[in-house]
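target10.cif, holding mmCIF, C-alpha atoms and all ligand atoms:
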data_my_file
#
loop_
_atom_site.label_atom_id
_atom_site.label_comp_id
_atom_site.auth_asym_id
_atom_site.auth_seq_id
_atom_site.Cartn_x
_atom_site.Cartn_y
_atom_site.Cartn_z
CA MET U 1 4.88 -14.16 11.85
CA THR U 2 3.47 -17.70 11.69
CA SER U 3 5.56 -20.74 10.72
CA ASP U 4 4.26 -20.55 7.13
CA GLY U 5 5.51 -16.96 6.87
CA THR U 6 2.11 -15.25 7.12
CA LEU U 7 2.54 -11.66 8.29
CA LEU U 8 -1.00 -10.35 7.77
CA SER U 9 -4.13 -12.43 8.12
CA VAL U 10 -7.57 -10.96 7.43
CA LYS U 11 -10.54 -13.18 8.31
CA ASP U 12 -14.18 -12.51 7.41
CA VAL U 13 -13.79 -8.76 7.72
CA SER U 14 -16.72 -6.43 7.06
CA ALA U 15 -16.77 -2.64 7.17
CA ALA U 16 -19.38 0.02 6.51
CA TYR U 17 -19.93 3.75 6.17
CA GLY U 18 -23.15 4.12 8.14
CA LYS U 19 -25.63 1.96 6.27
CA VAL U 20 -23.37 1.54 3.21
CA VAL U 21 -21.64 -1.84 3.59
CA ALA U 22 -18.32 -1.54 1.72
CA LEU U 23 -16.59 -4.82 2.73
CA ARG U 24 -18.41 -8.13 3.25
CA GLY U 25 -16.60 -11.08 4.81
CA VAL U 26 -13.21 -10.39 3.23
CA SER U 27 -10.44 -12.92 3.93
CA LEU U 28 -6.88 -12.64 2.64
CA SER U 29 -3.29 -13.03 3.72
CA VAL U 30 0.13 -11.56 3.00
CA LYS U 31 3.38 -13.37 3.68
CA ARG U 32 6.71 -11.86 4.60
CA GLY U 33 8.42 -10.44 1.51
CA GLU U 34 5.30 -10.80 -0.61
CA ILE U 35 3.68 -8.16 -2.82
CA VAL U 36 -0.05 -8.72 -3.10
CA ALA U 37 -2.22 -6.77 -5.55
CA ILE U 38 -5.88 -5.93 -4.91
CA LEU U 39 -7.80 -5.55 -8.15
CA GLY U 40 -11.33 -4.32 -8.64
CA ALA U 41 -13.51 -1.82 -10.43
CA ASN U 42 -14.28 1.66 -9.09
CA GLY U 43 -16.22 1.39 -5.84
CA ALA U 44 -15.28 -2.28 -5.26
CA GLY U 45 -13.91 -1.49 -1.77
CA LYS U 46 -10.15 -1.36 -2.38
CA THR U 47 -9.50 1.90 -0.53
CA THR U 48 -11.89 0.81 2.21
CA LEU U 49 -9.84 -2.37 2.70
CA LEU U 50 -6.61 -0.38 3.10
CA ASN U 51 -8.34 2.04 5.49
CA ALA U 52 -9.59 -0.88 7.58
CA LEU U 53 -6.07 -2.36 7.70
CA SER U 54 -4.45 0.91 8.76
CA GLY U 55 -7.05 1.54 11.48
CA VAL U 56 -8.57 4.58 9.76
CA LEU U 57 -11.95 2.82 9.45
CA PRO U 58 -13.17 0.50 12.24
CA ILE U 59 -14.31 -2.92 11.08
CA THR U 60 -17.81 -4.16 11.94
CA ALA U 61 -17.04 -7.90 11.89
CA GLY U 62 -14.13 -10.31 11.52
CA ARG U 63 -10.57 -10.40 12.73
CA ILE U 64 -7.23 -8.94 11.58
CA GLU U 65 -3.91 -10.37 12.76
CA PHE U 66 -0.50 -8.89 12.08
CA ALA U 67 2.71 -10.59 13.17
CA GLU U 68 0.55 -12.99 15.22
CA GLN U 69 -1.12 -10.18 17.18
CA ARG U 70 -4.77 -9.29 16.88
CA ILE U 71 -4.83 -5.69 15.63
CA ASP U 72 -8.43 -4.84 14.69
CA GLY U 73 -9.66 -2.04 16.94
CA ARG U 74 -6.20 -0.47 17.22
CA ARG U 75 -5.67 3.17 16.25
CA PRO U 76 -3.68 4.26 13.16
CA TRP U 77 -0.65 5.46 15.16
CA GLU U 78 -0.55 2.19 17.12
CA LEU U 79 -0.55 0.25 13.85
CA SER U 80 2.15 2.49 12.43
CA ARG U 81 4.32 1.67 15.44
CA ALA U 82 3.49 -2.02 15.04
CA GLY U 83 4.91 -1.85 11.50
CA ILE U 84 2.05 -1.05 9.10
CA SER U 85 2.62 2.00 6.93
CA HIS U 86 -0.10 3.46 4.70
CA VAL U 87 0.69 5.55 1.61
CA PRO U 88 -2.79 6.87 0.81
CA GLU U 89 -4.09 8.02 -2.55
CA GLY U 90 -4.04 11.66 -1.41
CA ARG U 91 -0.21 11.52 -0.96
CA GLU U 92 0.03 12.80 2.60
CA ILE U 93 2.94 15.19 2.58
CA PHE U 94 3.39 18.62 4.16
CA PRO U 95 3.31 20.99 1.15
CA SER U 96 4.85 24.05 2.81
CA MET U 97 7.76 22.07 4.29
CA THR U 98 10.87 21.13 2.33
CA VAL U 99 11.53 17.65 1.01
CA GLU U 100 14.25 17.34 3.66
CA ALA U 101 11.90 18.28 6.50
CA ASN U 102 9.15 15.98 5.20
CA LEU U 103 11.58 13.08 5.42
CA LYS U 104 13.26 14.01 8.68
CA ILE U 105 10.10 14.43 10.76
CA VAL U 106 8.91 10.85 10.19
CA ASP U 107 8.73 8.82 13.42
CA ALA U 108 10.84 5.76 12.65
CA PHE U 109 9.19 3.63 15.33
CA GLY U 110 8.29 0.58 13.25
CA SER U 111 10.12 -2.70 13.58
CA GLY U 112 10.89 -3.28 9.89
CA PRO U 113 14.06 -2.64 7.87
CA VAL U 114 15.74 0.72 8.47
CA PHE U 115 15.47 3.29 5.66
CA SER U 116 17.58 6.41 6.15
CA VAL U 117 17.09 9.71 4.32
CA GLU U 118 20.12 8.71 2.22
CA ASP U 119 18.49 5.39 1.32
CA VAL U 120 15.37 7.24 0.12
CA LEU U 121 17.48 9.69 -1.92
CA ASN U 122 19.36 6.80 -3.50
CA MET U 123 16.06 5.13 -4.36
CA PHE U 124 14.58 8.34 -5.79
CA PRO U 125 17.44 10.58 -7.05
CA ARG U 126 14.92 13.24 -8.17
CA LEU U 127 14.29 13.96 -4.47
CA ARG U 128 17.98 14.72 -3.95
CA GLU U 129 17.75 17.43 -6.61
CA ARG U 130 14.64 18.87 -4.89
CA PHE U 131 15.87 18.38 -1.32
CA GLY U 132 15.61 22.04 -0.23
CA GLN U 133 12.37 22.84 -2.07
CA ALA U 134 8.87 23.05 -0.64
CA ALA U 135 7.14 19.71 -1.21
CA GLY U 136 4.05 21.47 -2.59
CA ASN U 137 6.11 22.67 -5.57
CA LEU U 138 7.13 19.17 -6.64
CA SER U 139 5.54 17.45 -9.63
CA GLY U 140 2.93 14.77 -8.98
CA GLY U 141 5.46 12.01 -9.58
CA GLU U 142 8.01 13.59 -7.25
CA GLN U 143 5.35 14.02 -4.55
CA GLN U 144 4.47 10.35 -4.90
CA MET U 145 8.14 9.41 -4.45
CA LEU U 146 8.27 11.61 -1.35
CA ALA U 147 5.12 9.98 0.06
CA ILE U 148 6.62 6.53 -0.52
CA GLY U 149 9.92 7.65 1.03
CA ARG U 150 8.04 8.88 4.10
CA GLY U 151 6.15 5.59 4.28
CA LEU U 152 9.41 3.63 4.18
CA MET U 153 11.15 5.77 6.79
CA ALA U 154 8.47 4.79 9.31
CA ARG U 155 10.21 1.36 9.17
CA PRO U 156 7.18 -0.73 8.21
CA ARG U 157 7.04 -4.48 7.84
CA LEU U 158 3.92 -4.10 5.70
CA ILE U 159 3.28 -1.13 3.45
CA LEU U 160 -0.14 -0.34 2.00
CA PHE U 161 -0.06 1.47 -1.34
CA ASP U 162 -3.25 3.11 -2.61
CA GLU U 163 -2.98 3.92 -6.34
CA PRO U 164 0.73 4.84 -6.30
CA SER U 165 0.80 5.59 -10.03
CA LEU U 166 -2.40 7.65 -10.13
CA GLY U 167 -1.94 10.70 -12.34
CA LEU U 168 1.70 9.92 -13.17
CA SER U 169 3.26 9.95 -16.61
CA PRO U 170 4.14 6.51 -18.05
CA PHE U 171 7.80 7.15 -17.18
CA PHE U 172 7.17 8.02 -13.50
CA SER U 173 4.55 5.29 -13.24
CA LYS U 174 7.03 2.64 -14.35
CA PHE U 175 9.74 4.07 -12.11
CA VAL U 176 7.55 4.16 -8.99
CA LEU U 177 6.14 0.67 -9.53
CA GLY U 178 9.66 -0.64 -10.20
CA ALA U 179 10.80 0.85 -6.88
CA ILE U 180 7.88 -0.84 -5.10
CA GLY U 181 8.79 -4.19 -6.70
CA ALA U 182 12.36 -3.80 -5.44
CA LEU U 183 11.17 -3.58 -1.81
CA ARG U 184 10.69 -7.34 -1.79
CA ALA U 185 14.47 -7.75 -1.66
CA LYS U 186 14.48 -5.93 1.70
CA GLY U 187 12.02 -8.47 3.11
CA LEU U 188 9.19 -5.93 3.12
CA SER U 189 5.62 -6.97 2.36
CA ALA U 190 3.18 -4.82 0.43
CA LEU U 191 -0.51 -4.65 -0.42
CA LEU U 192 -0.91 -2.78 -3.67
CA VAL U 193 -4.11 -1.15 -4.92
CA GLU U 194 -3.40 0.07 -8.42
CA GLN U 195 -5.56 1.36 -11.25
CA ASN U 196 -2.94 0.17 -13.72
CA MET U 197 -3.79 -3.47 -13.03
CA ARG U 198 -1.61 -4.91 -15.75
CA ALA U 199 1.44 -3.12 -14.32
CA ALA U 200 0.48 -4.15 -10.77
CA LEU U 201 0.31 -7.82 -11.78
CA LYS U 202 3.81 -7.55 -13.26
CA ILE U 203 5.35 -6.71 -9.88
CA ALA U 204 2.97 -8.68 -7.60
CA ASP U 205 3.40 -12.26 -6.39
CA ARG U 206 -0.32 -12.87 -5.82
CA ALA U 207 -3.58 -11.02 -6.38
CA TYR U 208 -7.13 -10.86 -5.08
CA VAL U 209 -10.10 -9.51 -7.02
CA LEU U 210 -12.69 -7.51 -5.07
CA ARG U 211 -16.21 -7.08 -6.40
CA VAL U 212 -18.83 -5.06 -4.52
CA GLY U 213 -16.99 -5.57 -1.24
CA SER U 214 -16.29 -9.31 -1.57
CA ILE U 215 -13.25 -11.27 -2.75
CA VAL U 216 -14.34 -13.14 -5.87
CA ARG U 217 -10.96 -14.49 -7.10
CA GLU U 218 -7.49 -15.10 -5.81
CA GLY U 219 -4.38 -16.62 -7.32
CA SER U 220 -0.80 -16.08 -8.35
CA ALA U 221 -0.27 -12.85 -10.29
CA CYS U 222 0.48 -14.95 -13.41
CA GLU U 223 -2.73 -16.99 -13.09
CA ILE U 224 -4.83 -13.87 -12.63
CA ALA U 225 -3.10 -12.00 -15.48
CA ASP U 226 -3.63 -14.96 -17.84
CA ALA U 227 -7.30 -15.66 -16.95
CA PRO U 228 -9.45 -14.72 -19.98
CA ASP U 229 -12.38 -13.44 -17.87
CA ILE U 230 -10.06 -11.20 -15.82
CA GLN U 231 -8.41 -9.93 -18.99
CA GLU U 232 -11.78 -9.07 -20.44
CA ALA U 233 -13.19 -7.45 -17.26
CA TYR U 234 -10.15 -5.63 -15.91
CA LEU U 235 -7.19 -5.67 -18.28
CA GLY U 236 -8.80 -4.21 -21.36
CA ALA U 237 -8.23 -7.31 -23.51
P1 LIG S 301 -12.02 3.53 -6.53
O1 LIG S 301 -11.21 2.63 -7.41
O2 LIG S 301 -13.08 4.27 -7.29
O3 LIG S 301 -11.21 4.41 -5.63
P2 LIG S 301 -12.53 1.60 -4.40
O4 LIG S 301 -12.52 0.19 -4.87
O5 LIG S 301 -11.33 2.10 -3.70
O6 LIG S 301 -12.92 2.56 -5.61
P3 LIG S 301 -13.98 2.45 -2.06
O7 LIG S 301 -13.52 3.87 -2.13
O8 LIG S 301 -13.39 1.58 -1.02
O9 LIG S 301 -13.82 1.73 -3.47
O10 LIG S 301 -15.57 2.47 -1.92
C1 LIG S 301 -16.33 1.30 -1.67
C2 LIG S 301 -17.79 1.69 -1.48
O11 LIG S 301 -17.96 2.48 -0.32
C3 LIG S 301 -18.35 2.53 -2.64
O12 LIG S 301 -19.68 2.13 -2.86
C4 LIG S 301 -18.29 3.95 -2.13
O13 LIG S 301 -19.30 4.74 -2.71
C5 LIG S 301 -18.52 3.74 -0.64
N1 LIG S 301 -17.83 4.78 0.16
C6 LIG S 301 -16.51 5.05 0.15
N2 LIG S 301 -16.22 6.03 1.03
C7 LIG S 301 -17.39 6.39 1.60
C8 LIG S 301 -17.77 7.33 2.60
N3 LIG S 301 -16.85 8.12 3.19
N4 LIG S 301 -19.08 7.42 2.92
C9 LIG S 301 -19.99 6.62 2.34
N5 LIG S 301 -19.72 5.69 1.41
C10 LIG S 301 -18.43 5.57 1.04
#
Would you put the structure from the file into structure tokens?
Amino acid sequence: MTSDGTLLSVKDVSAAYGKVVALRGVSLSVKRGEIVAILGANGAGKTTLLNALSGVLPITAGRIEFAEQRIDGRRPWELSRAGISHVPEGREIFPSMTVEANLKIVDAFGSGPVFSVEDVLNMFPRLRERFGQAAGNLSGGEQQMLAIGRGLMARPRLILFDEPSLGLSPFFSKFVLGAIGALRAKGLSALLVEQNMRAALKIADRAYVLRVGSIVREGSACEIADAPDIQEAYLGA
């Protein structure tokens, strides 16, 4: 971490799928204990950005530094061990294994705060009730809690959330986003891609707006939430 508290620094990063350029010269930063929201319309490049940060998609230009180490070009498992945990939109859980097994097989090799199985069950009491059940039989909201629990047990310093409230009822959506907001108190940092942009801005410290692969705005979550053009374009005002 640098002296100003920067944990993640992304400089002029581009990425492409063959000839389709999905990120163009993206620069952003995340400080320790900060929750940063990435806003943008469908196809803006939000998921691509998270995939580039977790090493799933190689970048074609630019530089990514995490905890003062250059990390672009590293593989996903190396980044996981370095302290970056990715909770993807597809909720990567093992459906035929129990909730207990899903939690206990996580490699806790990161260098961030320790989360035990008990910590995850305290955070998401619904998982305690479903502890012995196959994960594939859980509701969408419960599966999302399990995916987040697994992400935390890897002991990240930075956690990347891709649409954590996708498909959830308003109750579960609020609960899950509230739990993400509470991670700040543990000193964790998060990048949050969320379709419910209004809710994301409520728990974020800062936000960036992506449009067709480029950052077009950045500011505090309050500034972005109050900007009339953002309200009109993204917040349904
Ligand atoms: P959404 O909110 O709809 O999930 P997004 O902001 O996450 O969108 P991305 O999924 O990152 O956007 O997509 C950015 C661009 O890259 C889009 O034009 C998309 O069509 C393209 N793209 C994404 N994945 C692939 C792929 N595997 N192959 C080719 N093009 C892709």
Against ligand LIG 301 (chain S), which residues of chain U fall within 9 Å? For each one I want the closest pair of atoms and the distance in Å (one decimal), counting all atoms listed in the file, rows by chain and increasing residue number, as CSV.
residue,atom,partner,partner_atom,distance
U:Ala16,CA,S:LIG301,O11,7.4
U:Tyr17,CA,S:LIG301,C9,4.8
U:Gly18,CA,S:LIG301,C9,7.1
U:Lys19,CA,S:LIG301,C9,8.3
U:Val20,CA,S:LIG301,N5,5.8
U:Val21,CA,S:LIG301,O11,6.9
U:Ala22,CA,S:LIG301,O11,4.5
U:Leu23,CA,S:LIG301,C1,7.5
U:Leu39,CA,S:LIG301,O4,8.1
U:Gly40,CA,S:LIG301,O4,6.0
U:Ala41,CA,S:LIG301,O1,5.8
U:Asn42,CA,S:LIG301,O2,3.4
U:Gly43,CA,S:LIG301,O9,3.4
U:Ala44,CA,S:LIG301,O4,3.7
U:Gly45,CA,S:LIG301,O8,3.2
U:Lys46,CA,S:LIG301,O4,3.8
U:Thr47,CA,S:LIG301,O5,3.7
U:Thr48,CA,S:LIG301,O8,3.6
U:Leu49,CA,S:LIG301,O8,6.5
U:Leu50,CA,S:LIG301,O8,8.2
U:Asn51,CA,S:LIG301,O8,8.3
U:Glu89,CA,S:LIG301,O3,8.6
U:Asp162,CA,S:LIG301,O5,8.2
U:Glu163,CA,S:LIG301,O3,8.3
U:Val193,CA,S:LIG301,O5,8.0
U:Glu194,CA,S:LIG301,O1,8.3
U:Gln195,CA,S:LIG301,O1,6.9
U:Leu210,CA,S:LIG301,O4,7.7
U:Arg211,CA,S:LIG301,O4,8.3
U:Val212,CA,S:LIG301,C1,7.4
U:Gly213,CA,S:LIG301,C1,6.9
Which residues, protein or nucleic acid, reach to within 8 Å of (8.6, 12.6, -1.5) in the file's coordinates when using only C-alpha atoms, and can you give that as a PyMOL selection string?
chain U and resi 93+99+102-103+127+135+142-150
Using all atoms of region 93-98 of chain U listed in the file and a margin of 5 Å per side, can you give the axis-aligned box centre and edge lengths in Å to one decimal, as lines of an AutoDock Vina configuration file?
center_x = 6.9
center_y = 19.6
center_z = 2.7
size_x = 17.9
size_y = 18.9
size_z = 13.1
Kindly give the distance, in Å, that separates CA of Glu218 (chain U) and CA of Arg206 (chain U), rounded to a single decimal.
7.5 Å
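If you count only C-alpha atoms and draw a sphere of 10 Å around (13.9, 13.3, -10.9), the protein and nucleic acid residues inside it come out as U:Phe124, U:Pro125, U:Arg126, U:Leu127, U:Arg128, U:Glu129, U:Arg130, U:Leu138, U:Ser139, U:Gly141, U:Glu142, U:Met145, U:Phe172.
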Applying 12 Å and only C-alpha atoms, which residues near Asp226 (chain U) remain after dropping the ones on its own chain fewer than 6 positions away? List them as a PyMOL selection string.
chain U and resi 198+201-202+219-220+232+234-235+237
Write a file of the just-selected residues containing C-alpha atoms, as an mmCIF file, in the coordinates of the input.
data_model
loop_
_atom_site.group_PDB
_atom_site.id
_atom_site.type_symbol
_atom_site.label_atom_id
_atom_site.label_comp_id
_atom_site.auth_asym_id
_atom_site.auth_seq_id
_atom_site.Cartn_x
_atom_site.Cartn_y
_atom_site.Cartn_z
ATOM 1 C CA ARG U 198 -1.610 -4.910 -15.750
ATOM 2 C CA LEU U 201 0.310 -7.820 -11.780
ATOM 3 C CA LYS U 202 3.810 -7.550 -13.260
ATOM 4 C CA GLY U 219 -4.380 -16.620 -7.320
ATOM 5 C CA SER U 220 -0.800 -16.080 -8.350
ATOM 6 C CA GLU U 232 -11.780 -9.070 -20.440
ATOM 7 C CA TYR U 234 -10.150 -5.630 -15.910
ATOM 8 C CA LEU U 235 -7.190 -5.670 -18.280
ATOM 9 C CA ALA U 237 -8.230 -7.310 -23.510
#
Nearest to Asp205 (chain U): which of U:Ala52, U:Glu92, U:Ala134, U:Ala37 is it, counting all atoms listed in the file?
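Distance minimum relative to Asp205 (chain U) lands on U:Ala37.
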Can you tell me which residues surround Ile71 (chain U) at a distance of at most 10 Å, considering all atoms listed in the file, apart from same-chain residues fewer than 5 positions away, and format the answer as JSON, numbers by chain?
{"U": [8, 53, 54, 55, 63, 64, 65, 66, 78, 79, 82]}
Name the closest residue to Leu177 (chain U) among the candidates U:Leu121, U:Ala233, U:Val56, U:Leu192; distances are taken between atoms, counting all atoms listed in the file.
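Using all atoms listed in the file, the shortest distance to Leu177 (chain U) belongs to U:Leu192.
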For CA of Arg155 (chain U) and CA of Pro113 (chain U), quote the distance in Å rounded to one decimal.
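Spanning CA of Arg155 (chain U) to CA of Pro113 (chain U) is a straight-line distance of 5.7 Å.
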How far is it from CA of Val209 (chain U) to CA of Pro164 (chain U), in Å with one decimal?
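The value is 18.0 Å.
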For Arg75 (chain U), the nearest of the candidates U:Leu152, U:Ile105, U:Val26, U:Pro58, counting all atoms listed in the file
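Smallest separation from Arg75 (chain U) among the options: U:Pro58.
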Counting all atoms listed in the file, figure out which residue out of U:Thr60, U:Ser111, U:Ser14, U:Ser85 gets nearest to Ala190 (chain U).
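Nearest to Ala190 (chain U): U:Ser85.
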Atom completion result for region 172-205 of chain U (N, CA and C atoms) as a CSV table (one decimal), in the frame of the given file:
chain,number,residue,atom,x,y,z
U,172,PHE,N,7.2,8.0,-15.0
U,172,PHE,CA,7.2,8.0,-13.5
U,172,PHE,C,6.4,6.8,-13.0
U,173,SER,N,5.4,6.4,-13.7
U,173,SER,CA,4.6,5.3,-13.2
U,173,SER,C,5.4,4.0,-13.2
U,174,LYS,N,6.2,3.8,-14.3
U,174,LYS,CA,7.0,2.6,-14.4
U,174,LYS,C,8.1,2.7,-13.3
U,175,PHE,N,8.7,3.9,-13.1
U,175,PHE,CA,9.7,4.1,-12.1
U,175,PHE,C,9.2,3.8,-10.7
U,176,VAL,N,8.1,4.3,-10.3
U,176,VAL,CA,7.6,4.2,-9.0
U,176,VAL,C,7.2,2.7,-8.7
U,177,LEU,N,6.5,2.1,-9.7
U,177,LEU,CA,6.1,0.7,-9.5
U,177,LEU,C,7.4,-0.2,-9.5
U,178,GLY,N,8.4,0.1,-10.3
U,178,GLY,CA,9.7,-0.6,-10.2
U,178,GLY,C,10.3,-0.5,-8.8
U,179,ALA,N,10.2,0.7,-8.2
U,179,ALA,CA,10.8,0.8,-6.9
U,179,ALA,C,10.0,0.0,-5.9
U,180,ILE,N,8.7,-0.1,-6.0
U,180,ILE,CA,7.9,-0.8,-5.1
U,180,ILE,C,8.2,-2.3,-5.2
U,181,GLY,N,8.4,-2.8,-6.5
U,181,GLY,CA,8.8,-4.2,-6.7
U,181,GLY,C,10.1,-4.5,-6.0
U,182,ALA,N,11.0,-3.5,-6.0
U,182,ALA,CA,12.4,-3.8,-5.4
U,182,ALA,C,12.3,-3.9,-3.9
U,183,LEU,N,11.2,-3.5,-3.3
U,183,LEU,CA,11.2,-3.6,-1.8
U,183,LEU,C,11.2,-5.0,-1.3
U,184,ARG,N,10.7,-5.9,-2.1
U,184,ARG,CA,10.7,-7.3,-1.8
U,184,ARG,C,12.1,-7.8,-1.3
U,185,ALA,N,13.1,-7.3,-2.0
U,185,ALA,CA,14.5,-7.8,-1.7
U,185,ALA,C,14.9,-7.4,-0.2
U,186,LYS,N,14.2,-6.4,0.3
U,186,LYS,CA,14.5,-5.9,1.7
U,186,LYS,C,13.7,-6.7,2.7
U,187,GLY,N,12.9,-7.7,2.2
U,187,GLY,CA,12.0,-8.5,3.1
U,187,GLY,C,10.7,-7.8,3.5
U,188,LEU,N,10.4,-6.6,2.8
U,188,LEU,CA,9.2,-5.9,3.1
U,188,LEU,C,8.0,-6.6,2.4
U,189,SER,N,6.8,-6.5,3.0
U,189,SER,CA,5.6,-7.0,2.4
U,189,SER,C,4.8,-5.8,1.9
U,190,ALA,N,4.0,-5.9,0.9
U,190,ALA,CA,3.2,-4.8,0.4
U,190,ALA,C,1.8,-5.3,-0.1
U,191,LEU,N,0.8,-4.5,0.2
U,191,LEU,CA,-0.5,-4.6,-0.4
U,191,LEU,C,-0.6,-3.5,-1.4
U,192,LEU,N,-1.0,-3.8,-2.6
U,192,LEU,CA,-0.9,-2.8,-3.7
U,192,LEU,C,-2.3,-2.6,-4.4
U,193,VAL,N,-2.9,-1.5,-4.2
U,193,VAL,CA,-4.1,-1.2,-4.9
U,193,VAL,C,-3.7,-0.3,-6.1
U,194,GLU,N,-4.0,-0.6,-7.3
U,194,GLU,CA,-3.4,0.1,-8.4
U,194,GLU,C,-4.4,0.1,-9.6
U,195,GLN,N,-4.6,1.3,-10.1
U,195,GLN,CA,-5.6,1.4,-11.2
U,195,GLN,C,-4.9,0.7,-12.5
U,196,ASN,N,-3.6,0.8,-12.6
U,196,ASN,CA,-2.9,0.2,-13.7
U,196,ASN,C,-2.7,-1.3,-13.4
U,197,MET,N,-3.8,-2.1,-13.5
U,197,MET,CA,-3.8,-3.5,-13.0
U,197,MET,C,-2.8,-4.3,-13.7
U,198,ARG,N,-2.6,-4.1,-15.0
U,198,ARG,CA,-1.6,-4.9,-15.8
U,198,ARG,C,-0.2,-4.7,-15.2
U,199,ALA,N,0.1,-3.4,-14.9
U,199,ALA,CA,1.4,-3.1,-14.3
U,199,ALA,C,1.6,-3.7,-12.9
U,200,ALA,N,0.5,-3.6,-12.1
U,200,ALA,CA,0.5,-4.2,-10.8
U,200,ALA,C,0.7,-5.7,-10.8
U,201,LEU,N,0.1,-6.4,-11.7
U,201,LEU,CA,0.3,-7.8,-11.8
U,201,LEU,C,1.7,-8.2,-12.2
U,202,LYS,N,2.4,-7.3,-12.9
U,202,LYS,CA,3.8,-7.6,-13.3
U,202,LYS,C,4.7,-7.6,-12.1
U,203,ILE,N,4.4,-6.8,-11.0
U,203,ILE,CA,5.4,-6.7,-9.9
U,203,ILE,C,4.8,-7.5,-8.7
U,204,ALA,N,3.6,-8.0,-8.7
U,204,ALA,CA,3.0,-8.7,-7.6
U,204,ALA,C,3.3,-10.2,-7.7
U,205,ASP,N,3.3,-10.8,-6.5
U,205,ASP,CA,3.4,-12.3,-6.4
U,205,ASP,C,2.0,-12.9,-6.5
